[in-house]
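Heads up, the thing below is written out as structure tokens.
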Amino acid sequence: MSKTIIVALGGNALGDGLAEQMVAVKATARSIVDLIEQGHRVVVTHGNGPQVGMIDLAFESAAMTQAHTPHLPMSVCVALSQGYIGYDLQNALREELLDRGLHVPVATLITQVIVDEHDPAFRDPTKPIGSHFPRAEAEAMMRNGYVMKEEPGRGFRRVVASPRPLDVVEKESVMALVRAGQLVITVGGGGIPVVRHGHHLKGASAVIDKDLASAKLAELIDADLLIILTTVEKVALHFGTPKQCLLDRLSVDEARRYIAEGHFAKGSMLPKVEAAVEFAASKPGRSTLITLLSKAREGIEGRTGTHIS
């Protein structure tokens with residue numbers, strides 16, 4: 001049966017730089033169009049970790065030159081990343097659709113996501129963005145006010161606040177496009193973080209977790225299925241140890257118990273499982289699939305992946 005599906009792309013679907021991204025999105029497009037060819041209505045979301053960091057650092061460097069280019073706020077950097085990632089994605093998807101004789105319009109929608117300006121995340125930044133840096137460069141950045149955290153064996157990386165998404169401002173526009181039979185790319189990088197001051201939306205210095213934002217969007221547009229794509233085929237307990245146990249199907253209660261027991265790594269599988277649970281628990285009949293991009297079609301058919309319902 002035809003479903004409305006949110007496909008949340010992992011970082012491996014986009015690559016780390018401009019050249020890598022243009023290659024990666026071609027393979028990504030093939031997997032997404034497979035779902036459309038099956039008759040599903042698809043909304044695509046994506047991360048922007050390396051890209052938004054690259055944009056931020058580029059404008060910071062430009063601000064230090066004689067040109068005095070302004071240093072852009074993080075909300076604007078997220079908006080820029082939505083535009084240029086969407087540009088590559090929508091062209092790759094359009095080409096793949098036409099190659100298969102499918103005339104489905106593709107559109108990227110710049111999307112704002114409401115957060116609470118008093119969210120505790122603003123006091124404890126945890127979301128990594130951008131590239132890794134050696135200690136000396138990281139210490140110089142910290143003197144300029146950045147929060148940097150070390151990733152063992154990889155160097156230091158900038159972290160910013162990651163508040164919880166509360167609402168998607170453009171949800172009605174997403175629904176209208178889906179109902180019109182269009183393929184929508186939206187909530188890029190978790191959406192542009194904004195706080196509401198009356199009728200005014202003010203950008204926040206943050207990056208929203210794209211899986212949690214995708215789960216919120218899926219809930220708001222009444223999607224049937226959320227697919228969270230990652231670098232593993234299935235979620236596992238005791239990952240990477242001799243006791244590793246792959247999970248095929250989980251109830252919401254089982255998933256919550258495993259979260260409480262600390263089975264999933266922060267900044268890796270934990271936010272994906274949390275997002276999966278939030279959507280699956282939001283209404284009877286909703287479910288989440290966590291799997292590889294290349295296995296999405298098999299996952300929908302129930303032949304692989306981890307299903308949470």
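Simple scheme: letters A, B, ... for chains in structure tokens order, numbers from 1 for residues in each chain, numbers from 1 for ligands in the order shown.
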
For this session: Any chance you could list, as a VMD selection string, the residues in segment 138-304 of chain A that come up helix (DSSP H, G or I) when DSSP is run on the backbone?
Result: chain A and resid 138 to 143 171 to 179 188 to 190 210 to 220 252 to 260 270 to 281 293 to 300

For this session: Would you return as number ranges by chain the members of segment 111-269 of chain A that DSSP assigns to strand (DSSP E) on this structure's backbone?
Result: A: 112-114, 127-133, 147-151, 155-160, 167-168, 183-185, 192-197, 200-203, 225-230, 236-237, 245-246, 249-250

Taking C-alpha atoms for each residue, export the selection above as a short mmCIF file (atom, residue, chain, number, x, y, z; two decimals), in the first residue's frame.
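Output file part-v4.cif follows:
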```
data_model
loop_
_atom_site.label_atom_id
_atom_site.label_comp_id
_atom_site.auth_asym_id
_atom_site.auth_seq_id
_atom_site.Cartn_x
_atom_site.Cartn_y
_atom_site.Cartn_z
CA GLN A 112 12.28 27.06 10.10
CA VAL A 113 11.87 25.01 13.28
CA ILE A 114 10.65 26.50 16.55
CA LYS A 127 26.10 19.15 18.65
CA PRO A 128 29.29 18.77 16.53
CA ILE A 129 29.59 20.79 13.33
CA GLY A 130 32.31 21.30 10.80
CA SER A 131 35.74 19.72 10.46
CA HIS A 132 38.20 18.30 12.97
CA PHE A 133 41.11 20.50 14.13
CA VAL A 147 33.14 25.64 22.32
CA MET A 148 35.38 22.78 21.17
CA LYS A 149 35.29 19.15 22.24
CA GLU A 150 37.88 16.46 21.56
CA GLU A 151 36.98 13.31 19.65
CA GLY A 155 41.05 15.93 16.95
CA PHE A 156 38.81 18.72 18.18
CA ARG A 157 35.46 19.74 16.72
CA ARG A 158 33.21 22.71 17.33
CA VAL A 159 29.97 22.06 19.22
CA VAL A 160 26.85 24.22 19.45
CA ASP A 167 7.15 22.89 15.68
CA VAL A 168 7.87 23.27 11.96
CA LEU A 183 8.84 15.27 -3.88
CA VAL A 184 9.83 17.67 -1.10
CA ILE A 185 13.28 18.27 0.39
CA ILE A 192 16.68 26.79 10.80
CA PRO A 193 16.42 27.16 14.62
CA VAL A 194 14.16 30.06 15.56
CA VAL A 195 12.45 31.28 18.73
CA ARG A 196 9.04 32.90 18.64
CA HIS A 197 8.65 36.47 19.95
CA HIS A 200 8.49 37.59 15.00
CA LEU A 201 10.77 34.57 14.49
CA LYS A 202 14.32 35.19 15.71
CA GLY A 203 17.21 32.96 14.64
CA LEU A 225 6.59 5.83 8.22
CA LEU A 226 9.82 7.53 9.25
CA ILE A 227 12.99 6.04 7.77
CA ILE A 228 16.20 7.04 9.54
CA LEU A 229 19.15 6.15 7.36
CA THR A 230 22.54 5.51 8.92
CA ALA A 236 22.49 -3.40 17.88
CA LEU A 237 22.88 -4.00 21.59
CA CYS A 245 23.03 -8.49 19.17
CA LEU A 246 21.24 -7.12 16.10
CA ARG A 249 11.77 -5.39 15.73
CA LEU A 250 11.21 -3.36 18.88
#
```

Problem set entry | Nearby residues (only C-alpha atoms) at most 9 Å from Ser81 of chain A, same-chain spacing under 4 positions excluded, as a list in words |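 In the requested form, the answer reads Asn48, Gln51, Val52, Ile55, Val76, Cys77, Ile85, Gly86, Gly188 and Gly189 of chain A.
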
Based on the selection just made, write C-alpha atoms of those residues as a PDB file, in the first residue's frame.
```
ATOM      1  CA  ASN A  48      24.337  19.375   7.367  1.00  0.00           C
ATOM      2  CA  GLN A  51      28.488  21.732   5.376  1.00  0.00           C
ATOM      3  CA  VAL A  52      27.243  24.212   7.976  1.00  0.00           C
ATOM      4  CA  ILE A  55      30.027  27.825   5.721  1.00  0.00           C
ATOM      5  CA  VAL A  76      21.798  32.002   8.534  1.00  0.00           C
ATOM      6  CA  CYS A  77      24.517  29.388   8.007  1.00  0.00           C
ATOM      7  CA  ILE A  85      22.435  20.879  -0.309  1.00  0.00           C
ATOM      8  CA  GLY A  86      18.875  21.053  -1.607  1.00  0.00           C
ATOM      9  CA  GLY A 188      17.540  20.474   6.038  1.00  0.00           C
ATOM     10  CA  GLY A 189      20.095  20.274   8.832  1.00  0.00           C
TER      11      GLY A 189
END
```

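Using only C-alpha atoms, the shortest contact distance between Thr108 of chain A and any of A:His46, A:Arg41, A:Arg154, A:Lys26 is found at A:His46.
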
Exercise. Residues at most 8 Å from Ala276 of chain A, counting only C-alpha atoms, excluding those fewer than 6 positions away in the same chain, as a list in words?
Worked result: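 Using only C-alpha atoms, the neighbours found are Ala215, Leu226, Ile228, Ser287, Thr288, Leu289, Ile290 and Ile308 of chain A.
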
Take the residues just selected and output them with C-alpha atoms as a PDB file, in the first residue's frame.
```pdb
ATOM      1  CA  ALA A 215      10.360  12.864  13.630  1.00  0.00           C
ATOM      2  CA  LEU A 226       9.821   7.531   9.250  1.00  0.00           C
ATOM      3  CA  ILE A 228      16.198   7.044   9.545  1.00  0.00           C
ATOM      4  CA  SER A 287       6.401   3.140  12.801  1.00  0.00           C
ATOM      5  CA  THR A 288      10.074   3.925  12.255  1.00  0.00           C
ATOM      6  CA  LEU A 289      12.687   2.018  10.269  1.00  0.00           C
ATOM      7  CA  ILE A 290      16.415   2.435  10.950  1.00  0.00           C
ATOM      8  CA  ILE A 308      10.164   0.333  15.989  1.00  0.00           C
TER       9      ILE A 308
END
```

Problem set entry | Which of A:Val273, A:Val33, A:Leu14, A:Val43 sits closest to Asp224 of chain A [using only C-alpha atoms] |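 Using only C-alpha atoms, Asp224 of chain A sits closest to A:Val43.
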
Exercise. Which of these residues is nearest to Gly267 of chain A, using only C-alpha atoms: A:Gly198, A:Gly305, A:Pro125, A:Gly153?
Worked result: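 Under the stated criterion, the closest residue is A:Pro125.
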
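For the choices A:Thr304, A:Ser31, A:Gln21, A:Ser75, the atom-to-atom distance to Ala204 of chain A is smallest for A:Ser75 when using only C-alpha atoms.
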
For this session: Quick one: everything within 10 Å of Met1 of chain A, counting only C-alpha atoms, minus sequence neighbours fewer than 2 positions away in the same chain. Send it as a PyMOL selection string.
Result: chain A and resi 3+38-40

Exercise. From the list A:Pro284, A:Glu298, A:Tyr146, A:Ala161, which residue is nearest Asp124 of chain A when using only C-alpha atoms?
Worked result: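 Nearest candidate to Asp124 of chain A out of A:Pro284, A:Glu298, A:Tyr146, A:Ala161: A:Ala161.
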
Problem set entry | Å distance separating atom CA of Arg257 of chain A from atom CA of Phe279 of chain A, one decimal place |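 Between atom CA of Arg257 of chain A and atom CA of Phe279 of chain A the gap is 16.4 Å.
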
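The interatomic distance for the pair atom CA of Glu254 of chain A and atom CA of Lys272 of chain A works out to 14.9 Å.
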
Exercise. So, counting only C-alpha atoms, which residue among A:His118, A:His307, A:Lys234, A:Arg94 is closest to Leu293 of chain A?
Worked result: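 Residue with the minimum atom-to-atom distance to Leu293 of chain A: A:Lys234.
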